[in-house]
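Source file: coords12.txt (compact mmCIF, C-alpha atoms)
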```txt
# COMPACT_ATOMS: atom_id res chain seq x y z
CA MET A 1 -38.88 86.12 -54.14
CA ALA A 2 -35.99 84.10 -55.49
CA ARG A 3 -32.91 83.88 -53.31
CA PRO A 4 -29.40 83.97 -54.72
CA SER A 5 -27.33 80.84 -54.39
CA ALA A 6 -24.47 80.48 -51.91
CA TYR A 7 -25.65 82.94 -49.27
CA ALA A 8 -26.28 80.81 -46.16
CA ASP A 9 -23.75 79.80 -43.51
CA TRP A 10 -26.10 77.07 -42.22
CA VAL A 11 -29.01 75.02 -43.49
CA VAL A 12 -30.99 72.88 -41.03
CA SER A 13 -33.43 70.30 -42.34
CA ASN A 14 -35.81 67.62 -41.19
CA PRO A 15 -36.41 66.03 -44.62
CA PRO A 16 -39.30 63.67 -45.34
CA TYR A 17 -38.41 60.28 -43.86
CA GLY A 18 -40.32 57.81 -45.98
CA ARG A 19 -40.19 56.97 -49.63
CA SER A 20 -43.41 57.92 -51.41
CA SER A 21 -44.20 54.26 -52.02
CA SER A 22 -43.61 53.05 -48.45
CA GLY A 23 -45.79 52.94 -45.37
CA ARG A 24 -49.19 54.42 -44.78
CA LEU A 25 -49.77 57.92 -46.06
CA ASN A 26 -51.45 60.29 -43.67
CA PRO A 27 -54.83 61.42 -45.07
CA LYS A 28 -53.92 65.02 -44.17
CA GLU A 29 -51.98 66.35 -47.14
CA GLU A 30 -49.58 68.56 -45.14
CA LYS A 31 -48.57 65.63 -42.92
CA ALA A 32 -48.21 63.26 -45.86
CA LEU A 33 -45.97 65.79 -47.64
CA ALA A 34 -43.87 66.33 -44.51
CA ARG A 35 -43.39 62.63 -43.83
CA HIS A 36 -43.00 61.09 -47.29
CA GLU A 37 -40.97 61.96 -50.37
CA ILE A 38 -43.99 63.10 -52.37
CA ALA A 39 -43.14 66.69 -53.34
CA ALA A 40 -39.38 66.38 -52.81
CA SER A 41 -36.98 63.47 -52.53
CA LEU A 42 -34.05 63.32 -50.14
CA LEU A 43 -31.79 64.14 -53.08
CA ASP A 44 -33.91 67.22 -53.88
CA VAL A 45 -33.58 68.46 -50.28
CA LEU A 46 -29.82 67.92 -50.27
CA LYS A 47 -29.39 69.68 -53.63
CA ALA A 48 -31.40 72.64 -52.31
CA ALA A 49 -29.24 72.78 -49.17
CA ARG A 50 -26.10 72.78 -51.30
CA TYR A 51 -27.51 75.52 -53.56
CA PHE A 52 -28.09 77.89 -50.64
CA LEU A 53 -24.85 77.20 -48.74
CA LYS A 54 -21.80 79.40 -49.04
CA PRO A 55 -18.53 77.61 -49.84
CA ARG A 56 -17.63 75.56 -46.74
CA GLY A 57 -21.11 76.27 -45.33
CA ARG A 58 -22.63 73.72 -42.96
CA ALA A 59 -25.85 71.73 -43.05
CA ALA A 60 -27.52 69.67 -40.34
CA PHE A 61 -30.06 66.92 -40.89
CA ILE A 62 -32.08 64.55 -38.74
CA TYR A 63 -33.05 61.30 -40.40
CA PRO A 64 -34.21 57.80 -39.45
CA ALA A 65 -31.28 55.64 -38.37
CA ARG A 66 -32.47 52.82 -40.65
CA ARG A 67 -31.82 55.09 -43.68
CA THR A 68 -28.36 56.34 -42.64
CA ALA A 69 -26.50 54.61 -45.48
CA GLY A 70 -28.75 56.25 -48.08
CA LEU A 71 -28.44 59.66 -46.40
CA ILE A 72 -24.65 59.58 -46.33
CA SER A 73 -24.45 58.29 -49.90
CA ALA A 74 -26.79 61.04 -51.15
CA MET A 75 -24.94 63.71 -49.16
CA ARG A 76 -21.64 62.75 -50.74
CA GLU A 77 -23.28 62.58 -54.19
CA THR A 78 -24.40 66.21 -53.80
CA GLY A 79 -21.08 67.52 -52.43
CA LEU A 80 -22.17 67.69 -48.80
CA GLU A 81 -19.47 65.84 -46.87
CA PRO A 82 -20.61 64.34 -43.55
CA LYS A 83 -18.44 65.64 -40.70
CA ARG A 84 -20.24 64.70 -37.47
CA LEU A 85 -22.78 61.97 -36.80
CA GLN A 86 -24.71 61.28 -33.60
CA VAL A 87 -27.16 58.43 -33.13
CA VAL A 88 -30.30 59.29 -31.15
CA TYR A 89 -31.80 56.56 -28.98
CA SER A 90 -35.12 56.62 -27.16
CA TYR A 91 -33.75 54.52 -24.27
CA PRO A 92 -30.40 52.97 -23.34
CA GLY A 93 -30.30 49.47 -24.81
CA ASP A 94 -32.67 50.32 -27.69
CA GLU A 95 -31.69 50.44 -31.33
CA GLY A 96 -30.95 53.90 -32.66
CA SER A 97 -34.04 55.79 -33.81
CA PHE A 98 -32.51 58.74 -35.64
CA VAL A 99 -29.19 60.16 -36.73
CA LEU A 100 -28.12 63.76 -36.54
CA VAL A 101 -25.62 64.49 -39.29
CA GLU A 102 -23.66 67.67 -39.85
CA ALA A 103 -22.08 68.19 -43.26
CA VAL A 104 -19.80 70.73 -44.94
CA LYS A 105 -20.24 71.87 -48.52
CA ASP A 106 -17.29 70.52 -50.52
CA GLY A 107 -15.55 69.39 -47.33
CA GLY A 108 -12.78 66.82 -47.17
CA GLU A 109 -13.37 63.24 -46.08
CA GLU A 110 -13.38 62.85 -42.28
CA LEU A 111 -16.34 61.81 -40.14
CA LYS A 112 -16.45 62.11 -36.36
CA ILE A 113 -18.86 59.78 -34.56
CA LEU A 114 -20.22 61.53 -31.46
CA PRO A 115 -21.34 59.81 -28.25
CA PRO A 116 -24.92 58.48 -28.31
CA PHE A 117 -27.78 60.80 -27.37
CA PHE A 118 -30.46 59.23 -25.18
CA ILE A 119 -33.84 60.91 -24.88
CA TYR A 120 -34.87 58.93 -21.78
CA ASP A 121 -32.96 57.17 -19.03
CA GLN A 122 -33.59 53.67 -17.63
CA ALA A 123 -36.24 55.10 -15.27
CA ARG A 124 -38.14 56.47 -18.31
CA ARG A 125 -37.43 60.09 -17.35
CA TYR A 126 -35.68 62.58 -19.59
CA SER A 127 -31.97 61.82 -19.69
CA PRO A 128 -29.50 64.37 -18.32
CA GLU A 129 -28.59 65.27 -21.95
CA MET A 130 -32.22 65.90 -22.82
CA GLN A 131 -32.79 67.93 -19.66
CA ARG A 132 -29.76 70.10 -20.54
CA LEU A 133 -31.13 70.61 -24.04
CA TYR A 134 -34.47 71.84 -22.69
CA LYS A 135 -32.79 73.96 -20.03
CA ASP A 136 -30.52 75.59 -22.62
CA ARG A 137 -33.47 76.30 -24.92
CA ALA A 138 -35.53 77.79 -22.06
CA ALA A 139 -32.62 80.03 -21.03
CA LYS A 140 -32.33 81.41 -24.57
CA GLY A 141 -36.03 82.19 -24.59
```

Could you quickly redo this structure as structure tokens?
Amino acid sequence: MARPSAYADWVVSNPPYGRSSSGRLNPKEEKALARHEIAASLLDVLKAARYFLKPRGRAAFIYPARRTAGLISAMRETGLEPKRLQVVYSYPGDEGSFVLVEAVKDGGEELKILPPFFIYDQARRYSPEMQRLYKDRAAKG
């Protein structure tokens, strides 16, 4: 069933991370499609998000930190203006692994950089932020 455009307040996406021509492709088709831009490019995903969002609707994406410049450039190209960005780190002292980016359809230019999010602490246990995330999710059932 086709959906009308401009009906969603939010779109949340975990788009394929790798270009179709980069890295090893998983032999399992569903994993290869999920991880590489085979069936849809980043630009395709962003255009789809824009299509479904209401005016001033919001979209959230998680993407590899190493591809942040391309993500932000493509978001702006499709009319999704980045508003908040948070770098996700496995451990304190590591390089960022992922970015979480929130965008607004046809929003004005202004980007807030949030504090870093650490998955683990120095003792290799879940960080307080990660523990809160799990606790909040468990409480909501």

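Relative to atom CA of A:Gln86, atom CA of A:Thr68 is found at 10.9 Å.
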
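Among the candidates A:Gln131, A:Phe61, A:Arg125, A:Lys28, the residue lying nearest to A:Val101 is A:Phe61 (atoms considered: all atoms listed in the file).
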
Q: Select, counting all atoms listed in the file, all protein, DNA and RNA residues no farther than 10 Å from (-26.9, 72.8, -54.9) in file coordinates, and express the selection as a PyMOL selection string.
A: chain A and resi 5-6+44-53+78-80+105

Generate a file of the selected residues that holds C-alpha atoms, formatted as a PDB file, keeping the file's coordinate frame.
```pdb
ATOM      1  CA  SER A   5     -27.330  80.840 -54.390  1.00  0.00           C
ATOM      2  CA  ALA A   6     -24.470  80.480 -51.910  1.00  0.00           C
ATOM      3  CA  ASP A  44     -33.910  67.220 -53.880  1.00  0.00           C
ATOM      4  CA  VAL A  45     -33.580  68.460 -50.280  1.00  0.00           C
ATOM      5  CA  LEU A  46     -29.820  67.920 -50.270  1.00  0.00           C
ATOM      6  CA  LYS A  47     -29.390  69.680 -53.630  1.00  0.00           C
ATOM      7  CA  ALA A  48     -31.400  72.640 -52.310  1.00  0.00           C
ATOM      8  CA  ALA A  49     -29.240  72.780 -49.170  1.00  0.00           C
ATOM      9  CA  ARG A  50     -26.100  72.780 -51.300  1.00  0.00           C
ATOM     10  CA  TYR A  51     -27.510  75.520 -53.560  1.00  0.00           C
ATOM     11  CA  PHE A  52     -28.090  77.890 -50.640  1.00  0.00           C
ATOM     12  CA  LEU A  53     -24.850  77.200 -48.740  1.00  0.00           C
ATOM     13  CA  THR A  78     -24.400  66.210 -53.800  1.00  0.00           C
ATOM     14  CA  GLY A  79     -21.080  67.520 -52.430  1.00  0.00           C
ATOM     15  CA  LEU A  80     -22.170  67.690 -48.800  1.00  0.00           C
ATOM     16  CA  LYS A 105     -20.240  71.870 -48.520  1.00  0.00           C
TER      17      LYS A 105
END
```

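Checking A:Pro92, A:Pro64, A:Pro82, A:Pro4 one by one against A:Asp106, counting only C-alpha atoms, you find the shortest gap at A:Pro82.
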
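Between A:Pro15 and the candidates A:Arg67, A:Lys140, A:Lys112, A:Lys135, the tightest atom-to-atom separation, counting all atoms listed in the file, involves A:Arg67.
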
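Across A:Val12, A:Ile72, A:Leu42, A:Ala65, the tightest approach to A:Ser90 is made by A:Ala65 when counting only C-alpha atoms.
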
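Put simply, atom CA of A:Tyr91 is 12.1 Å away from atom CA of A:Glu129.
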
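Take atom CA of A:Arg84 and atom CA of A:Ala40: the distance between them is 24.6 Å.
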
With 3 Å added on each side, what axis-aligned box encloses every listed atom of stretch 80-93 of chain A? Give the centre and edge lengths in Å to one decimal, as JSON.
```
{"center_x": -26.8, "center_y": 58.6, "center_z": -36.1, "size_x": 22.7, "size_y": 24.2, "size_z": 31.5}
```

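Nearest residue to A:Leu100, choosing from A:Ser73, A:Gln122, A:Ser13, A:Ser41 and counting only C-alpha atoms: A:Ser13.
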
Q: Kindly provide, as a list in words, the polymer residues lying within 6 Å of (-22.1, 72.1, -43.4), counting all atoms listed in the file and using the coordinates exactly as they appear in the file.
A: Gly57, Arg58, Ala59, Glu102, Ala103, Val104 and Lys105 of chain A

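With only C-alpha atoms as the basis for measurement, A:Tyr89 is the residue among A:Leu43, A:Tyr89, A:Lys83, A:Ile62 that approaches A:Ser127 most closely.
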
Give me stretch 113-141 of chain A from this structure - N, CA and C atoms, as an mmCIF file, in the first residue's frame.
```cif
data_model
loop_
_atom_site.group_PDB
_atom_site.id
_atom_site.type_symbol
_atom_site.label_atom_id
_atom_site.label_comp_id
_atom_site.auth_asym_id
_atom_site.auth_seq_id
_atom_site.Cartn_x
_atom_site.Cartn_y
_atom_site.Cartn_z
ATOM 1 N N ILE A 113 26.283 20.559 18.942
ATOM 2 C CA ILE A 113 27.105 19.376 19.187
ATOM 3 C C ILE A 113 26.883 18.952 20.636
ATOM 4 N N LEU A 114 26.376 17.748 20.821
ATOM 5 C CA LEU A 114 26.071 17.234 22.157
ATOM 6 C C LEU A 114 27.316 16.618 22.795
ATOM 7 N N PRO A 115 27.295 16.436 24.112
ATOM 8 C CA PRO A 115 28.426 15.769 24.772
ATOM 9 C C PRO A 115 28.622 14.358 24.208
ATOM 10 N N PRO A 116 29.835 13.827 24.300
ATOM 11 C CA PRO A 116 30.089 12.483 23.771
ATOM 12 C C PRO A 116 29.276 11.431 24.524
ATOM 13 N N PHE A 117 28.967 10.344 23.819
ATOM 14 C CA PHE A 117 28.275 9.206 24.428
ATOM 15 C C PHE A 117 29.250 8.033 24.434
ATOM 16 N N PHE A 118 29.566 7.546 25.621
ATOM 17 C CA PHE A 118 30.467 6.404 25.762
ATOM 18 C C PHE A 118 29.659 5.157 26.063
ATOM 19 N N ILE A 119 29.922 4.092 25.342
ATOM 20 C CA ILE A 119 29.223 2.829 25.593
ATOM 21 C C ILE A 119 29.800 2.155 26.834
ATOM 22 N N TYR A 120 31.125 2.155 26.949
ATOM 23 C CA TYR A 120 31.804 1.517 28.082
ATOM 24 C C TYR A 120 32.640 2.538 28.835
ATOM 25 N N ASP A 121 32.912 2.249 30.102
ATOM 26 C CA ASP A 121 33.811 3.095 30.881
ATOM 27 C C ASP A 121 35.227 2.513 30.843
ATOM 28 N N GLN A 122 36.144 3.137 31.582
ATOM 29 C CA GLN A 122 37.544 2.692 31.584
ATOM 30 C C GLN A 122 37.684 1.256 32.099
ATOM 31 N N ALA A 123 36.775 0.832 32.961
ATOM 32 C CA ALA A 123 36.827 -0.523 33.527
ATOM 33 C C ALA A 123 36.166 -1.550 32.602
ATOM 34 N N ARG A 124 35.774 -1.111 31.398
ATOM 35 C CA ARG A 124 35.157 -1.984 30.392
ATOM 36 C C ARG A 124 33.768 -2.502 30.808
ATOM 37 N N ARG A 125 33.105 -1.705 31.641
ATOM 38 C CA ARG A 125 31.703 -1.967 32.002
ATOM 39 C C ARG A 125 30.850 -0.929 31.282
ATOM 40 N N TYR A 126 29.553 -1.192 31.184
ATOM 41 C CA TYR A 126 28.691 -0.187 30.574
ATOM 42 C C TYR A 126 28.844 1.138 31.313
ATOM 43 N N SER A 127 28.916 2.212 30.561
ATOM 44 C CA SER A 127 29.036 3.551 31.134
ATOM 45 C C SER A 127 27.728 3.910 31.844
ATOM 46 N N PRO A 128 27.770 4.908 32.719
ATOM 47 C CA PRO A 128 26.513 5.350 33.350
ATOM 48 C C PRO A 128 25.451 5.751 32.318
ATOM 49 N N GLU A 129 25.872 6.391 31.214
ATOM 50 C CA GLU A 129 24.915 6.790 30.164
ATOM 51 C C GLU A 129 24.256 5.569 29.535
ATOM 52 N N MET A 130 25.058 4.554 29.282
ATOM 53 C CA MET A 130 24.527 3.339 28.660
ATOM 54 C C MET A 130 23.617 2.597 29.625
ATOM 55 N N GLN A 131 23.994 2.551 30.891
ATOM 56 C CA GLN A 131 23.145 1.910 31.901
ATOM 57 C C GLN A 131 21.799 2.617 31.995
ATOM 58 N N ARG A 132 21.812 3.962 31.971
ATOM 59 C CA ARG A 132 20.554 4.726 32.005
ATOM 60 C C ARG A 132 19.692 4.415 30.790
ATOM 61 N N LEU A 133 20.322 4.297 29.640
ATOM 62 C CA LEU A 133 19.592 3.988 28.412
ATOM 63 C C LEU A 133 18.873 2.649 28.551
ATOM 64 N N TYR A 134 19.575 1.629 29.015
ATOM 65 C CA TYR A 134 18.965 0.314 29.203
ATOM 66 C C TYR A 134 17.884 0.356 30.279
ATOM 67 N N LYS A 135 18.140 1.069 31.358
ATOM 68 C CA LYS A 135 17.167 1.166 32.444
ATOM 69 C C LYS A 135 15.893 1.847 31.951
ATOM 70 N N ASP A 136 16.045 2.939 31.204
ATOM 71 C CA ASP A 136 14.888 3.638 30.652
ATOM 72 C C ASP A 136 14.087 2.750 29.713
ATOM 73 N N ARG A 137 14.786 2.000 28.860
ATOM 74 C CA ARG A 137 14.105 1.108 27.915
ATOM 75 C C ARG A 137 13.364 -0.007 28.653
ATOM 76 N N ALA A 138 13.990 -0.560 29.701
ATOM 77 C CA ALA A 138 13.353 -1.640 30.470
ATOM 78 C C ALA A 138 12.109 -1.117 31.185
ATOM 79 N N ALA A 139 12.169 0.105 31.691
ATOM 80 C CA ALA A 139 11.029 0.691 32.405
ATOM 81 C C ALA A 139 9.854 0.918 31.484
ATOM 82 N N LYS A 140 10.123 1.195 30.215
ATOM 83 C CA LYS A 140 9.043 1.452 29.245
ATOM 84 C C LYS A 140 8.473 0.163 28.688
ATOM 85 N N GLY A 141 9.143 -0.948 28.987
ATOM 86 C CA GLY A 141 8.658 -2.251 28.572
ATOM 87 C C GLY A 141 8.851 -2.501 27.174
#
```
